[in-house]
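Okay, so here's the structure we're looking at.
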Amino acid sequence: MPAPLIVTENLSKTYHIGGGDVRALVDLSIAIPNGEMIAIMGPSGSGKSTCMNLLGCLDSPSGGSYRLDGQDVAQLDSDALASIRNEKIGFVFQQFNLLARATALDNVELPLTYGRVPRRLRHDKAARALEAVGLGERMDHRPSQLSGGQMQRVAIARAIVNSPQVLMADEPTGALDSRTGAEIMALFQRLNGEGITVIVVTHDEHVAAHAKRILRFRDGRLVSDEPVAAPIRAADAVAAMAVPEAA
Ligand SMILES: Nc1ncnc2c1ncn2[C@@H]1O[C@H](COP(=O)(O)OP(=O)(O)O)[C@@H](O)[C@H]1O
Ligand SMILES: [Mg+2]
């Protein structure tokens with residue numbers, strides 16, 4: 001058995017602010033195997049984003065250990081974390097975080113410009129990622145010329161352009177209507193089926209029910225870790241919604 005992709009022990013994050021300490025994440029011990037699709041749930045302020053930021057190597061813990069793909073990453077400095085992120089992790093956010101003045105293709109190429117990928121290869125990889133999310137015909141569109149769902153698909157193409165092992169999404173459907181949200185979940189499920197480990201932060205039970213496993217946080221602590229007996233298949237839900245997608 002290969003080691004799980006993600007293993008934490010007593011992983012913790014405490015913020016020191018004016019009035020005292022905020023224990024945003026308390027003693028998280030968890031193992032996540034390759035190929036998992038996980039939803040992270042909990043009320044506002046329960047530590048979901050803190051957890052994702054630590055697992056995604058966007059931030060360093062105050063305590064505990066974290067092994068990602070066999071490598072101890074808890075003690076690494078910010079440059080080393082950046083290179084691990086670039087190599088292994090793709091991120092998707094609620095507000096898409098696209099460059100407004102850049103085309104879809106330029107937005108998706110962006111992560112490759114940090115990795116000294118030759119220009120031609122950058123272009124080809126970005127074009128393939130956009131095709132993989134169904135936006136092959138929209139490569140030269142700017143964000144303002146795209147719908148919310150299309151912008152989120154550009155963001156997902158950007159997240160997968162480097163073939164990461166893990167895709168991490170913080171409220172990826174929070175700014176979308178339910179049909180478009182279902183399309184995005186269908187895309188995550190397809191990518192997961194192709195082998196990418198997916199971690200989705202959401203406060204929406206319906207979104208979480210697409211995952212294979214749900215973690216629930218309260219006051220910075222993991223209070224429940226349960227498999228989902230029969231995850232919703234988003235592709236079926238999309239097909240059942242009769243309205244054809246606007247051109
Ligand atoms: N940069 C920060 N500085 C101080 N406190 C923070 C910071 N980020 C988050 N917190 C606090 O940590 C707790 C968990 O926050 P967060 O992980 O963002 O929760 P969630 O994503 O579940 O809403 C909250 O009490 C929040 O106010
Ligand atoms: Mg949050």
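Note on naming: chains are A, B, ... as they come in the structure tokens, residues start from 1 per chain, ligands start from 1 in the order shown.
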
key: Spatial neighbours of region 207-213 of chain A, 10 Å, only C-alpha atoms, chain gap at least 5 places, as a PyMOL selection string   = chain A and resi 32+35-41+171-174+178+181-182+185-186+188-189+192+198-202+225-234

Compile a residue-level contact table for chain A against ligand 1 at a cut-off of 10 Å, reporting for every qualifying residue the shortest atom pair and its distance in Å to one decimal, with only C-alpha atoms and all ligand atoms counted, rows ordered by chain and ascending number, as a Markdown table.
```
| residue | atom | partner | partner_atom_place_in_ligand_line | distance |
| --- | --- | --- | --- | --- |
| A:Lys13 | CA | ligand 1 | 12 (O) | 8.4 |
| A:Thr14 | CA | ligand 1 | 12 (O) | 7.7 |
| A:Tyr15 | CA | ligand 1 | 4 (C) | 4.9 |
| A:His16 | CA | ligand 1 | 4 (C) | 6.7 |
| A:Ile17 | CA | ligand 1 | 4 (C) | 6.1 |
| A:Gly18 | CA | ligand 1 | 4 (C) | 9.4 |
| A:Asp21 | CA | ligand 1 | 5 (N) | 8.4 |
| A:Val22 | CA | ligand 1 | 12 (O) | 5.9 |
| A:Arg23 | CA | ligand 1 | 12 (O) | 6.6 |
| A:Ala24 | CA | ligand 1 | 12 (O) | 4.0 |
| A:Leu25 | CA | ligand 1 | 14 (C) | 7.1 |
| A:Ile40 | CA | ligand 1 | 22 (O) | 8.9 |
| A:Met41 | CA | ligand 1 | 22 (O) | 7.7 |
| A:Gly42 | CA | ligand 1 | 22 (O) | 6.0 |
| A:Pro43 | CA | ligand 1 | 22 (O) | 5.9 |
| A:Ser44 | CA | ligand 1 | 23 (O) | 3.7 |
| A:Gly45 | CA | ligand 1 | 19 (O) | 3.4 |
| A:Ser46 | CA | ligand 1 | 22 (O) | 3.9 |
| A:Gly47 | CA | ligand 1 | 17 (O) | 3.2 |
| A:Lys48 | CA | ligand 1 | 22 (O) | 3.8 |
| A:Ser49 | CA | ligand 1 | 21 (O) | 3.7 |
| A:Thr50 | CA | ligand 1 | 17 (O) | 3.7 |
| A:Cys51 | CA | ligand 1 | 17 (O) | 6.4 |
| A:Met52 | CA | ligand 1 | 17 (O) | 8.0 |
| A:Asn53 | CA | ligand 1 | 17 (O) | 8.3 |
| A:Leu54 | CA | ligand 1 | 17 (O) | 9.9 |
| A:Asp59 | CA | ligand 1 | 1 (N) | 10.0 |
| A:Asp170 | CA | ligand 1 | 21 (O) | 8.3 |
| A:Glu171 | CA | ligand 1 | 21 (O) | 9.3 |
| A:Val201 | CA | ligand 1 | 21 (O) | 8.0 |
| A:Thr202 | CA | ligand 1 | 21 (O) | 8.8 |
| A:His203 | CA | ligand 1 | 22 (O) | 8.5 |
| A:Arg216 | CA | ligand 1 | 22 (O) | 9.9 |
| A:Phe217 | CA | ligand 1 | 22 (O) | 7.6 |
| A:Arg218 | CA | ligand 1 | 22 (O) | 8.1 |
| A:Asp219 | CA | ligand 1 | 14 (C) | 7.5 |
| A:Gly220 | CA | ligand 1 | 14 (C) | 6.5 |
```

Would you mind exporting the chosen residues as a short mmCIF file (atom, residue, chain, number, x, y, z; two decimals), in the first residue's frame, restricted to N, CA, C and O atoms?
```cif
data_model
loop_
_atom_site.label_atom_id
_atom_site.label_comp_id
_atom_site.auth_asym_id
_atom_site.auth_seq_id
_atom_site.Cartn_x
_atom_site.Cartn_y
_atom_site.Cartn_z
N LYS A 13 -3.19 25.58 13.96
CA LYS A 13 -2.89 26.96 13.58
C LYS A 13 -3.52 27.90 14.60
O LYS A 13 -4.72 27.86 14.84
N THR A 14 -2.69 28.72 15.20
CA THR A 14 -3.16 29.72 16.14
C THR A 14 -2.78 31.09 15.62
O THR A 14 -1.63 31.31 15.22
N TYR A 15 -3.77 31.97 15.52
CA TYR A 15 -3.49 33.36 15.15
C TYR A 15 -3.38 34.19 16.42
O TYR A 15 -4.21 34.07 17.31
N HIS A 16 -2.35 35.02 16.48
CA HIS A 16 -2.20 35.91 17.62
C HIS A 16 -2.70 37.28 17.20
O HIS A 16 -2.15 37.90 16.29
N ILE A 17 -3.78 37.70 17.81
CA ILE A 17 -4.31 39.02 17.48
C ILE A 17 -4.41 39.84 18.75
O ILE A 17 -4.24 39.32 19.86
N GLY A 18 -4.69 41.12 18.57
CA GLY A 18 -4.70 42.08 19.67
C GLY A 18 -5.15 41.52 21.01
O GLY A 18 -4.39 41.50 21.98
N ASP A 21 -5.35 34.90 21.57
CA ASP A 21 -5.11 33.88 20.55
C ASP A 21 -6.42 33.38 19.95
O ASP A 21 -7.40 33.20 20.67
N VAL A 22 -6.40 33.16 18.64
CA VAL A 22 -7.51 32.48 17.97
C VAL A 22 -7.00 31.12 17.53
O VAL A 22 -6.08 31.03 16.70
N ARG A 23 -7.58 30.05 18.09
CA ARG A 23 -7.15 28.69 17.69
C ARG A 23 -8.00 28.28 16.49
O ARG A 23 -9.05 27.68 16.63
N ALA A 24 -7.50 28.63 15.32
CA ALA A 24 -8.28 28.44 14.08
C ALA A 24 -8.33 26.98 13.67
O ALA A 24 -9.31 26.53 13.08
N LEU A 25 -7.26 26.21 13.96
CA LEU A 25 -7.26 24.77 13.70
C LEU A 25 -6.56 24.10 14.88
O LEU A 25 -5.47 24.52 15.28
N ILE A 40 -15.10 19.57 2.87
CA ILE A 40 -14.84 20.12 4.20
C ILE A 40 -15.98 21.05 4.54
O ILE A 40 -16.24 22.02 3.82
N MET A 41 -16.68 20.75 5.65
CA MET A 41 -17.85 21.53 6.03
C MET A 41 -17.71 22.10 7.42
O MET A 41 -16.86 21.67 8.21
N GLY A 42 -18.60 23.04 7.75
CA GLY A 42 -18.61 23.62 9.09
C GLY A 42 -19.12 25.03 9.01
O GLY A 42 -19.07 25.65 7.95
N PRO A 43 -19.60 25.57 10.13
CA PRO A 43 -20.11 26.95 10.11
C PRO A 43 -19.01 27.96 9.83
O PRO A 43 -17.81 27.63 9.89
N SER A 44 -19.40 29.15 9.52
CA SER A 44 -18.44 30.23 9.29
C SER A 44 -17.53 30.37 10.51
O SER A 44 -17.99 30.35 11.64
N GLY A 45 -16.24 30.48 10.24
CA GLY A 45 -15.28 30.65 11.33
C GLY A 45 -14.83 29.36 11.99
O GLY A 45 -14.07 29.39 12.96
N SER A 46 -15.25 28.20 11.45
CA SER A 46 -14.92 26.93 12.10
C SER A 46 -13.54 26.41 11.73
O SER A 46 -13.09 25.41 12.29
N GLY A 47 -12.87 27.06 10.76
CA GLY A 47 -11.51 26.66 10.43
C GLY A 47 -11.36 25.99 9.07
O GLY A 47 -10.28 25.48 8.75
N LYS A 48 -12.40 26.02 8.25
CA LYS A 48 -12.34 25.34 6.95
C LYS A 48 -11.24 25.91 6.06
O LYS A 48 -10.44 25.18 5.49
N SER A 49 -11.24 27.25 5.93
CA SER A 49 -10.24 27.86 5.04
C SER A 49 -8.84 27.70 5.62
O SER A 49 -7.87 27.47 4.89
N THR A 50 -8.73 27.82 6.92
CA THR A 50 -7.43 27.61 7.57
C THR A 50 -6.91 26.21 7.25
O THR A 50 -5.74 26.03 6.90
N CYS A 51 -7.78 25.22 7.35
CA CYS A 51 -7.41 23.84 7.04
C CYS A 51 -6.96 23.73 5.59
O CYS A 51 -5.89 23.16 5.30
N MET A 52 -7.75 24.30 4.68
CA MET A 52 -7.38 24.20 3.26
C MET A 52 -6.06 24.93 2.99
O MET A 52 -5.23 24.44 2.23
N ASN A 53 -5.87 26.08 3.61
CA ASN A 53 -4.64 26.82 3.38
C ASN A 53 -3.41 26.05 3.87
O ASN A 53 -2.34 26.11 3.25
N LEU A 54 -3.57 25.31 4.97
CA LEU A 54 -2.44 24.51 5.46
C LEU A 54 -2.22 23.31 4.55
O LEU A 54 -1.09 23.04 4.12
N ASP A 59 0.06 28.24 3.68
CA ASP A 59 0.36 28.79 4.99
C ASP A 59 1.08 27.72 5.80
O ASP A 59 0.97 26.53 5.50
N ASP A 170 -12.12 26.33 -2.60
CA ASP A 170 -12.78 26.97 -1.44
C ASP A 170 -14.07 27.62 -1.92
O ASP A 170 -14.03 28.62 -2.63
N GLU A 171 -15.20 27.02 -1.58
CA GLU A 171 -16.53 27.50 -1.98
C GLU A 171 -16.62 27.74 -3.50
O GLU A 171 -17.04 28.81 -3.94
N VAL A 201 -14.05 22.87 -0.10
CA VAL A 201 -14.61 23.52 1.09
C VAL A 201 -15.98 24.08 0.71
O VAL A 201 -16.11 24.77 -0.29
N THR A 202 -17.00 23.76 1.52
CA THR A 202 -18.34 24.28 1.22
C THR A 202 -19.16 24.36 2.50
O THR A 202 -18.92 23.62 3.45
N HIS A 203 -20.11 25.29 2.53
CA HIS A 203 -21.05 25.26 3.66
C HIS A 203 -22.39 24.69 3.20
O HIS A 203 -23.36 24.69 3.95
N ARG A 216 -16.25 17.41 8.97
CA ARG A 216 -16.97 18.54 9.55
C ARG A 216 -16.16 19.15 10.68
O ARG A 216 -15.68 18.44 11.56
N PHE A 217 -16.05 20.49 10.62
CA PHE A 217 -15.29 21.22 11.63
C PHE A 217 -16.23 22.06 12.48
O PHE A 217 -17.27 22.53 12.02
N ARG A 218 -15.82 22.25 13.73
CA ARG A 218 -16.50 23.18 14.63
C ARG A 218 -15.44 23.75 15.57
O ARG A 218 -14.65 23.01 16.14
N ASP A 219 -15.39 25.06 15.65
CA ASP A 219 -14.43 25.74 16.53
C ASP A 219 -13.00 25.23 16.32
O ASP A 219 -12.25 25.03 17.29
N GLY A 220 -12.64 25.00 15.05
CA GLY A 220 -11.27 24.62 14.74
C GLY A 220 -10.97 23.13 14.90
O GLY A 220 -9.87 22.69 14.61
#
```

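Around Asp27 (chain A), within 7 Å and counting only C-alpha atoms, the residues found are Glu9, Asn10, Leu11, Ser12, Leu25 and Ser29 of chain A, once anything fewer than 2 positions away on its own chain is removed.
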
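Residues lying within 10 Å of Arg153 (chain A), counting only C-alpha atoms and ignoring same-chain neighbours fewer than 2 positions away, are Val92, Phe96, Ala104, Ala129, Leu130, Ala132, Val133, Gly134, Leu135, Ser147, Gly148, Gly149, Gln150, Met151, Ala155, Ile156, Ala157, Arg158, Ala159, Glu183, Ile184 and Leu187 of chain A.
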
Output N, CA and C atoms for every residue in the selection just made, as a short mmCIF file (atom, residue, chain, number, x, y, z; two decimals), in the first residue's frame.
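Now in part.cif:
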```cif
data_model
loop_
_atom_site.label_atom_id
_atom_site.label_comp_id
_atom_site.auth_asym_id
_atom_site.auth_seq_id
_atom_site.Cartn_x
_atom_site.Cartn_y
_atom_site.Cartn_z
N VAL A 92 -8.82 26.53 -6.65
CA VAL A 92 -9.99 27.18 -7.23
C VAL A 92 -10.69 27.95 -6.11
N PHE A 96 -13.24 33.18 -8.49
CA PHE A 96 -12.51 32.83 -9.71
C PHE A 96 -11.07 33.36 -9.74
N ALA A 104 -8.64 34.04 -21.64
CA ALA A 104 -8.72 32.75 -20.96
C ALA A 104 -7.39 32.01 -21.10
N ALA A 129 -5.83 22.25 -21.46
CA ALA A 129 -6.59 22.37 -20.21
C ALA A 129 -7.94 23.03 -20.47
N LEU A 130 -7.95 24.04 -21.34
CA LEU A 130 -9.23 24.71 -21.66
C LEU A 130 -10.15 23.77 -22.42
N ALA A 132 -10.18 20.60 -22.00
CA ALA A 132 -10.63 19.60 -21.01
C ALA A 132 -11.80 20.11 -20.18
N VAL A 133 -11.93 21.43 -20.03
CA VAL A 133 -13.07 21.97 -19.27
C VAL A 133 -14.17 22.48 -20.21
N GLY A 134 -14.05 22.15 -21.49
CA GLY A 134 -15.11 22.49 -22.44
C GLY A 134 -15.08 23.92 -22.94
N LEU A 135 -13.91 24.57 -22.87
CA LEU A 135 -13.81 25.97 -23.31
C LEU A 135 -12.85 26.15 -24.48
N SER A 147 -19.54 33.86 -18.93
CA SER A 147 -20.48 33.73 -17.81
C SER A 147 -19.72 33.30 -16.56
N GLY A 148 -20.42 33.35 -15.42
CA GLY A 148 -19.79 32.92 -14.16
C GLY A 148 -19.29 31.49 -14.23
N GLY A 149 -20.11 30.60 -14.79
CA GLY A 149 -19.71 29.20 -14.88
C GLY A 149 -18.50 29.02 -15.79
N GLN A 150 -18.48 29.81 -16.87
CA GLN A 150 -17.32 29.73 -17.78
C GLN A 150 -16.07 30.27 -17.10
N MET A 151 -16.23 31.37 -16.33
CA MET A 151 -15.06 31.91 -15.62
C MET A 151 -14.52 30.87 -14.63
N ALA A 155 -10.86 29.06 -14.40
CA ALA A 155 -10.07 28.93 -13.16
C ALA A 155 -9.69 27.46 -12.92
N ILE A 156 -10.59 26.55 -13.24
CA ILE A 156 -10.28 25.12 -13.06
C ILE A 156 -9.22 24.68 -14.08
N ALA A 157 -9.32 25.18 -15.30
CA ALA A 157 -8.28 24.88 -16.29
C ALA A 157 -6.92 25.37 -15.79
N ARG A 158 -6.91 26.58 -15.22
CA ARG A 158 -5.66 27.12 -14.67
C ARG A 158 -5.15 26.22 -13.55
N ALA A 159 -6.09 25.69 -12.74
CA ALA A 159 -5.68 24.85 -11.61
C ALA A 159 -5.11 23.50 -12.05
N GLU A 183 -22.86 21.84 -12.82
CA GLU A 183 -21.90 21.61 -13.91
C GLU A 183 -20.46 21.62 -13.38
N ILE A 184 -20.20 22.54 -12.46
CA ILE A 184 -18.85 22.59 -11.88
C ILE A 184 -18.57 21.34 -11.07
N LEU A 187 -17.74 18.53 -13.30
CA LEU A 187 -16.37 18.63 -13.78
C LEU A 187 -15.38 18.12 -12.72
#
```

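Between ligand 2 and the candidates A:Thr180, A:Gln94, A:Ser224, A:Gln165, the tightest atom-to-atom separation, counting only C-alpha atoms and all ligand atoms, involves A:Gln94.
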
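In this comparison, which uses only C-alpha atoms, the residue of A:Ala100, A:Ala127, A:Leu112, A:Leu68 approaching Leu146 (chain A) most closely is A:Ala100.
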
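Shortest atom-to-atom contact with ligand 2 among A:Ala169, A:Phe91, A:Gln71, A:Glu137: A:Ala169, counting only C-alpha atoms and all ligand atoms.
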
query = Can you tell me, as a VMD selection string, what residues are no more than 8 Å from Gly90 (chain A) when counting only C-alpha atoms, ignoring any on the same chain fewer than 4 positions away?
reply = chain A and resid 85 to 86 158 to 160 162 164 166 to 168

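Proximity ranking of A:Arg128, A:Pro2, A:Ile30, A:Thr197 relative to Val223 (chain A) places A:Ile30 first, based on only C-alpha atoms.
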
ask   = Using only C-alpha atoms and all ligand atoms, which residue out of A:Phe93, A:Thr8, A:Ala74, A:Gly63 lies closest to ligand 2?
value = A:Phe93

message = Give me, as JSON, numbers by chain, the residues of region 101-170 of chain A that a backbone DSSP run labels alpha helix (DSSP H).
response = {"A": [104, 105, 106, 107, 108, 109, 110, 111, 112, 113, 119, 120, 121, 122, 123, 124, 125, 126, 127, 128, 129, 130, 131, 132, 148, 149, 150, 151, 152, 153, 154, 155, 156, 157, 158, 159, 160]}
